[in-house]
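Step one of this worksheet: look at the structure below.
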Amino acid sequence: MMHSLFLTTTFALLPLTTLAQPTGTLSILTMNVAGLPAILNNNDVPGDKADNANQIGTYFATYGYDIINVQEDFNYHAYIYETDNHTYRTATSGGVPFGSGLNTLANYPWDESTFSRTKWNTCNLNSGDCLTPKGFTYMRMTIAETFTVDVYNLHTDAGDDSGDITARASNLQQVADYISANSEGQPVLVFGDTNSRYTRTGDGIRIFSTQNSLADAWVELEMGGVEPTEGSDALVCENPSPIETCEIVDKVLYRSGHDVGLTAVSFEYAGDKFLQSNGSVLSDHDPVLVQFEWTVSA
Ligand SMILES: *[C@@H]1O[C@H](CO)[C@@H](O)[C@H](O)[C@H]1NC(C)=O
Ligand SMILES: *[C@@H]1O[C@H](CO)[C@@H](O)[C@H](O)[C@H]1NC(C)=O
């Protein structure tokens with residue numbers, strides 16, 4: 001249903017394109033690739049982790065999404081990059097315990113001078129959160145001559161005891177403050193593993209709308225613009241999820257810039273596009289796929 005909506009909209013834009021209006025589409029995917037060393041965590045994913053990473057890279061090449069943010073891209077990183085073919089990719093920051101597991105694969109380049117990896121100020125010891133330097137990345141990506149977008153990837157503190165909730169709210173606040181300081185007037189994309197739910201009390205995910213005026217593509221396109229109430233019962237997703245109205249912790253948030261309009265036009269839990277040959281999942285997280293349209297004002 002969303003697919004045909006997307007096609008229709010693309011055709012509707014064709015006359016504009018022929019008039020050389022700066023406008024286009026952008027597809028983005030966030031996927032926690034479950035790349036912790038198998039000896040530490042099998043992520044409840046069957047099969048060999050190296051083979052699975054190879055398969056994930058093959059899918060990335062086949063689908064060719066414009067920007068892919070991955071998390072937990074630790075010890076099987078080389079197997080993903082071996083079969084993927086995106087032109088622009090970040091270099092790994094290392095496996096466990098050295099790296100953050102965060103990488104970006106894209107069809108567009110970014111200004112290397114803007115690229116940064118930031119470690120969280122706070123972590124809570126359980127769930128292995130302090131074992132690796134988790135955090136967030138930032139880059140200013142050039143989509144067209146007149147259009148740059150600020151791209152953030154993140155992986156916050158996991159777990160749901162009170163120490164985790166406090167650490168995670170601090171992590172999210174840290175990203176929000178960075179956006180305030182570095183992305184003034186810019187269109188922004190924040191997509192990654194937030195480990196947060198609107199329904200969970202104290203998670204702090206709302207900071208992106210209150211402080212940075214970001215919209216959540218899931219809330220906007222699947223929930224009729226209404227965030228689930230804090231403390232309400234969560235509709236928990238299967239993996240892969242056949243429906244889009246349940247909530248997962250992997251999220252896509254965005255806003256337009258002063259001169260660039262950015263609009264999310266379709267949202268999908270894309271796990272059914274990322275299966276092993278026998279139908280098993282490749283990750284314990286359902287990847288999230290969002291299509292955007294952008295327009296640069298004259
Ligand atoms: C298929 O499923 C089993 C477990 O259900 C798994 O161990 C195996 O490695 C899977 N993948 C492939 C590609 O055969
Ligand atoms: C990547 O590989 C796919 C096929 O697997 C191909 O369709 C696509 O054009 C390739 N992309 C680049 C940037 O080489």
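Please note that chains go A, B, ... in the order of the structure tokens, that every chain numbers its residues from 1, and that ligands are numbered from 1 in the order shown.
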
Determine, counting only C-alpha atoms, which protein, DNA and RNA residues have an atom within 12 Å of an atom of Val45 (chain A); residues of the same chain fewer than 5 positions away are not included. Present the result as a short mmCIF file (atom, residue, chain, number, x, y, z; two decimals) with all heavy atoms, in the first residue's frame.
```cif
data_model
loop_
_atom_site.label_atom_id
_atom_site.label_comp_id
_atom_site.auth_asym_id
_atom_site.auth_seq_id
_atom_site.Cartn_x
_atom_site.Cartn_y
_atom_site.Cartn_z
N VAL A 33 22.69 -4.80 13.63
CA VAL A 33 23.10 -5.99 12.88
C VAL A 33 23.57 -7.15 13.77
O VAL A 33 24.09 -8.15 13.28
CB VAL A 33 24.18 -5.65 11.83
CG1 VAL A 33 23.61 -4.72 10.76
CG2 VAL A 33 25.43 -5.03 12.47
N ALA A 34 23.36 -7.03 15.08
CA ALA A 34 23.61 -8.15 16.00
C ALA A 34 25.02 -8.72 15.89
O ALA A 34 25.20 -9.93 15.87
CB ALA A 34 22.56 -9.25 15.78
N GLY A 35 26.02 -7.81 15.81
CA GLY A 35 27.39 -8.26 15.57
C GLY A 35 28.28 -8.37 16.79
O GLY A 35 29.50 -8.22 16.69
N LEU A 36 27.67 -8.64 17.97
CA LEU A 36 28.50 -8.93 19.14
C LEU A 36 29.18 -10.28 18.92
O LEU A 36 28.63 -11.15 18.24
CB LEU A 36 27.64 -9.00 20.41
CG LEU A 36 27.10 -7.67 20.94
CD1 LEU A 36 26.01 -7.92 21.97
CD2 LEU A 36 28.21 -6.83 21.55
N ALA A 38 29.97 -13.94 18.97
CA ALA A 38 29.03 -15.03 19.26
C ALA A 38 29.27 -15.61 20.65
O ALA A 38 28.32 -16.01 21.35
CB ALA A 38 29.17 -16.12 18.19
N ALA A 50 29.20 -14.89 10.88
CA ALA A 50 29.93 -14.39 9.71
C ALA A 50 29.09 -14.56 8.44
O ALA A 50 28.98 -13.64 7.62
CB ALA A 50 31.26 -15.11 9.57
N ASP A 51 28.47 -15.72 8.28
CA ASP A 51 27.59 -15.94 7.12
C ASP A 51 26.43 -14.95 7.12
O ASP A 51 26.05 -14.40 6.09
CB ASP A 51 27.00 -17.36 7.14
CG ASP A 51 28.05 -18.43 6.87
OD1 ASP A 51 29.16 -18.08 6.41
OD2 ASP A 51 27.77 -19.62 7.15
N ASN A 52 25.86 -14.75 8.31
CA ASN A 52 24.73 -13.82 8.41
C ASN A 52 25.16 -12.40 8.03
O ASN A 52 24.43 -11.68 7.36
CB ASN A 52 24.14 -13.83 9.83
CG ASN A 52 23.40 -15.12 10.13
OD1 ASN A 52 23.15 -15.94 9.23
ND2 ASN A 52 23.02 -15.31 11.39
N ALA A 53 26.35 -12.00 8.48
CA ALA A 53 26.86 -10.66 8.16
C ALA A 53 27.08 -10.52 6.66
O ALA A 53 26.74 -9.49 6.05
CB ALA A 53 28.16 -10.39 8.93
N ASN A 239 9.14 -10.28 15.40
CA ASN A 239 10.28 -10.02 14.51
C ASN A 239 10.37 -11.14 13.49
O ASN A 239 10.64 -12.28 13.87
CB ASN A 239 11.58 -9.94 15.31
CG ASN A 239 12.79 -9.68 14.44
OD1 ASN A 239 12.66 -9.08 13.37
ND2 ASN A 239 13.96 -10.13 14.88
N LEU A 275 15.90 -11.78 5.41
CA LEU A 275 15.83 -13.13 5.98
C LEU A 275 16.94 -14.02 5.42
O LEU A 275 17.45 -13.78 4.33
CB LEU A 275 14.47 -13.75 5.67
CG LEU A 275 13.25 -13.03 6.27
CD1 LEU A 275 11.96 -13.68 5.79
CD2 LEU A 275 13.30 -12.99 7.80
N GLN A 276 17.30 -15.04 6.20
CA GLN A 276 18.20 -16.07 5.69
C GLN A 276 17.45 -16.89 4.62
O GLN A 276 16.22 -16.80 4.51
CB GLN A 276 18.64 -17.00 6.83
CG GLN A 276 19.36 -16.27 7.94
CD GLN A 276 19.86 -17.18 9.05
OE1 GLN A 276 20.16 -18.35 8.81
NE2 GLN A 276 19.94 -16.66 10.25
N GLY A 279 14.45 -18.65 5.83
CA GLY A 279 13.40 -17.87 6.47
C GLY A 279 13.71 -17.38 7.87
O GLY A 279 12.93 -16.60 8.44
N SER A 280 14.86 -17.78 8.45
CA SER A 280 15.24 -17.27 9.78
C SER A 280 15.64 -15.80 9.69
O SER A 280 16.10 -15.34 8.65
CB SER A 280 16.44 -18.05 10.33
OG SER A 280 16.09 -19.38 10.58
N VAL A 281 15.50 -15.09 10.82
CA VAL A 281 15.92 -13.69 10.83
C VAL A 281 17.45 -13.60 10.82
O VAL A 281 18.14 -14.55 11.18
CB VAL A 281 15.37 -12.94 12.06
CG1 VAL A 281 13.85 -12.80 11.98
CG2 VAL A 281 15.80 -13.61 13.37
N LEU A 282 17.96 -12.42 10.41
CA LEU A 282 19.40 -12.17 10.43
C LEU A 282 19.80 -11.33 11.63
O LEU A 282 20.99 -11.15 11.91
CB LEU A 282 19.83 -11.46 9.14
CG LEU A 282 19.85 -12.34 7.89
CD1 LEU A 282 19.92 -11.48 6.63
CD2 LEU A 282 21.03 -13.30 7.95
N SER A 283 18.80 -10.77 12.32
CA SER A 283 19.08 -9.94 13.49
C SER A 283 17.92 -10.06 14.47
O SER A 283 16.79 -10.35 14.06
CB SER A 283 19.25 -8.47 13.09
OG SER A 283 19.26 -7.65 14.24
N ASP A 284 18.21 -9.81 15.74
CA ASP A 284 17.13 -9.78 16.72
C ASP A 284 16.38 -8.45 16.67
O ASP A 284 15.42 -8.26 17.41
CB ASP A 284 17.67 -10.07 18.14
CG ASP A 284 18.82 -9.17 18.53
OD1 ASP A 284 19.46 -8.55 17.64
OD2 ASP A 284 19.10 -9.07 19.74
N HIS A 285 16.82 -7.52 15.82
CA HIS A 285 16.09 -6.26 15.61
C HIS A 285 15.52 -6.22 14.20
O HIS A 285 16.21 -6.55 13.24
CB HIS A 285 17.01 -5.05 15.76
CG HIS A 285 17.44 -4.77 17.16
ND1 HIS A 285 17.05 -3.65 17.85
CD2 HIS A 285 18.24 -5.47 18.00
CE1 HIS A 285 17.59 -3.66 19.06
NE2 HIS A 285 18.33 -4.75 19.18
N ASP A 286 14.28 -5.78 14.10
CA ASP A 286 13.63 -5.57 12.81
C ASP A 286 14.17 -4.26 12.23
O ASP A 286 14.07 -3.22 12.88
CB ASP A 286 12.10 -5.45 13.06
CG ASP A 286 11.27 -5.81 11.85
OD1 ASP A 286 11.79 -5.76 10.73
OD2 ASP A 286 10.08 -6.13 12.06
#
```

Which residues of chain A come within 10 Å of ligand 2, and what is each one's closest atom pair and distance in Å (one decimal), counting only C-alpha atoms and all ligand atoms, sorted by chain and residue number, as a tab-separated table?
```
residue	atom	partner	partner_atom_place_in_ligand_line	distance
A:Gly57	CA	ligand 2	5 (O)	9.7
A:Thr58	CA	ligand 2	5 (O)	6.8
A:Tyr59	CA	ligand 2	5 (O)	7.9
A:Phe60	CA	ligand 2	1 (C)	8.2
A:Ala61	CA	ligand 2	1 (C)	4.5
A:Thr62	CA	ligand 2	5 (O)	4.3
A:Tyr63	CA	ligand 2	3 (C)	7.4
A:Gly64	CA	ligand 2	11 (N)	6.6
A:Thr83	CA	ligand 2	5 (O)	8.6
A:Asp84	CA	ligand 2	1 (C)	7.0
A:Asn85	CA	ligand 2	1 (C)	5.0
A:His86	CA	ligand 2	13 (C)	5.2
A:Thr87	CA	ligand 2	13 (C)	5.6
A:Tyr88	CA	ligand 2	13 (C)	9.2
A:Ala106	CA	ligand 2	13 (C)	9.3
A:Asn107	CA	ligand 2	13 (C)	7.1
```

Deliver the residues from the most recent selection as a file, using C-alpha atoms, as a PDB file, in the first residue's frame.
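Output (selection31.pdb):
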```
ATOM      1  CA  GLY A  57      25.871  -6.939   3.195  1.00  0.00           C
ATOM      2  CA  THR A  58      24.421  -8.650   0.123  1.00  0.00           C
ATOM      3  CA  TYR A  59      20.980  -7.257   0.956  1.00  0.00           C
ATOM      4  CA  PHE A  60      22.428  -3.761   1.474  1.00  0.00           C
ATOM      5  CA  ALA A  61      23.965  -3.946  -2.022  1.00  0.00           C
ATOM      6  CA  THR A  62      20.818  -5.363  -3.630  1.00  0.00           C
ATOM      7  CA  TYR A  63      18.411  -2.828  -2.144  1.00  0.00           C
ATOM      8  CA  GLY A  64      20.845   0.088  -2.462  1.00  0.00           C
ATOM      9  CA  THR A  83      29.454  -8.085   0.122  1.00  0.00           C
ATOM     10  CA  ASP A  84      28.022  -4.536   0.362  1.00  0.00           C
ATOM     11  CA  ASN A  85      28.937  -2.059  -2.369  1.00  0.00           C
ATOM     12  CA  HIS A  86      27.837   1.408  -1.176  1.00  0.00           C
ATOM     13  CA  THR A  87      30.234   4.063  -2.471  1.00  0.00           C
ATOM     14  CA  TYR A  88      30.625   5.919   0.850  1.00  0.00           C
ATOM     15  CA  ALA A 106      25.617   5.732   1.814  1.00  0.00           C
ATOM     16  CA  ASN A 107      25.176   6.664  -1.829  1.00  0.00           C
TER      17      ASN A 107
END
```

Take CA of Gly99 (chain A) and CA of Asn182 (chain A) and report the distance between them in Å, one decimal. 23.6 Å

Distance query Val190 (chain A) at most 10 Å, only C-alpha atoms, self and fewer than 5 positions along chain excluded, as a list of chain:residue names: A:Thr30, A:Asn69, A:Phe136, A:Thr137, A:Tyr138, A:Asp150, A:Val151, A:Tyr152, A:Asn153, A:Leu154, A:Val175, A:Ala176, A:Ile179, A:Phe208, A:Leu214, A:Ala215, A:Asp216, A:Lys251, A:Val252, A:Leu253, A:Tyr254, A:Arg255

Need the shell around Thr166 (chain A): protein/DNA/RNA residues with any atom at most 10 Å away, counting only C-alpha atoms. Skip same-chain ones fewer than 6 positions apart. Format as a PyMOL selection string? chain A and resi 122-124+157+160+202-204

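Closest to ligand 1 among A:Thr201, A:Ser213, A:Ser256, A:Asn42 is A:Asn42, based on only C-alpha atoms and all ligand atoms.
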
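Of the residues under consideration (A:Thr210, A:Ser266, A:Gln174, A:Asn54), A:Asn54 shows the shortest atom-to-atom contact distance to ligand 1 when counting only C-alpha atoms and all ligand atoms.
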
Selected residue of minimal separation from Ser183 (chain A) among A:Arg168, A:Lys49, A:Lys273, A:His258, counting only C-alpha atoms: A:His258

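If only C-alpha atoms are the atoms counted, then among A:Pro37, A:Pro109, A:Gly159, A:Gly225 the closest residue to Thr194 (chain A) is A:Gly159.
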
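For the set A:Pro287, A:Pro46, A:Gly163, A:Gly135, the residue with the smallest atom-to-atom gap to ligand 1 is A:Pro46, counting only C-alpha atoms and all ligand atoms.
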
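For Leu40 (chain A), the set of protein, DNA and RNA residues having any atom at most 12 Å away, when counting only C-alpha atoms and skipping those fewer than 6 positions along the same chain, is Ala34, Phe74, Asn75, Val96, Pro97, Ser127, Gly128 and Leu131 of chain A.
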
Surrounding residues of Ile68 (chain A) excluding itself and chain neighbours under 4 positions, 8 Å, only C-alpha atoms, as a compact mmCIF listing (two decimals) with N, CA and C atoms, in the first residue's frame:
```txt
# COMPACT_ATOMS: atom_id res chain seq x y z
N ILE A 28 16.10 5.66 3.62
CA ILE A 28 17.04 5.40 4.71
C ILE A 28 16.62 4.17 5.50
N LEU A 29 17.61 3.47 6.02
CA LEU A 29 17.37 2.24 6.78
C LEU A 29 18.20 2.28 8.05
N THR A 30 17.62 1.87 9.17
CA THR A 30 18.42 1.65 10.37
C THR A 30 18.31 0.18 10.74
N MET A 31 19.47 -0.44 11.06
CA MET A 31 19.48 -1.86 11.40
C MET A 31 20.54 -2.16 12.45
N THR A 104 28.01 3.98 9.01
CA THR A 104 27.07 4.51 8.02
C THR A 104 27.54 4.11 6.64
N LEU A 105 26.59 3.63 5.82
CA LEU A 105 26.86 3.26 4.42
C LEU A 105 25.93 4.11 3.57
N ALA A 106 26.45 4.77 2.52
CA ALA A 106 25.62 5.73 1.81
C ALA A 106 25.95 5.83 0.33
```

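Shortest atom-to-atom contact with ligand 1 among A:Arg197, A:Gly192, A:Asp48, A:Glu82: A:Asp48, counting only C-alpha atoms and all ligand atoms.
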
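DSSP annotation of region 69-186 of chain A from backbone atoms: alpha helix (DSSP H) residues are A:His77, A:Ala78, A:Tyr79, A:Ile80, A:Tyr81, A:Glu82, A:Thr83, A:Ser162, A:Gly163, A:Asp164, A:Ile165, A:Thr166, A:Ala167, A:Arg168, A:Ala169, A:Ser170, A:Asn171, A:Leu172, A:Gln173, A:Gln174, A:Val175, A:Ala176, A:Asp177, A:Tyr178, A:Ile179, A:Ser180, A:Ala181, A:Asn182.
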
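Our summary of the geometry notes that CA of Ser180 (chain A) is positioned 12.9 Å from CA of Gly257 (chain A).
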
For Thr25 (chain A), find every residue with an atom within 9 Å (counting only C-alpha atoms), except residues of its own chain fewer than 5 positions away, and show them as a PyMOL selection string. chain A and resi 10+291-295

Looking only at strand (DSSP E) from DSSP on the backbone, list the matching residues of region 127-232 of chain A as a ChimeraX atom specification. /A:135-144,147-154,188-193,215-216

Straight-line distance linking CA of Glu238 (chain A) with CA of Phe274 (chain A), stated in Å to one decimal: 14.4 Å
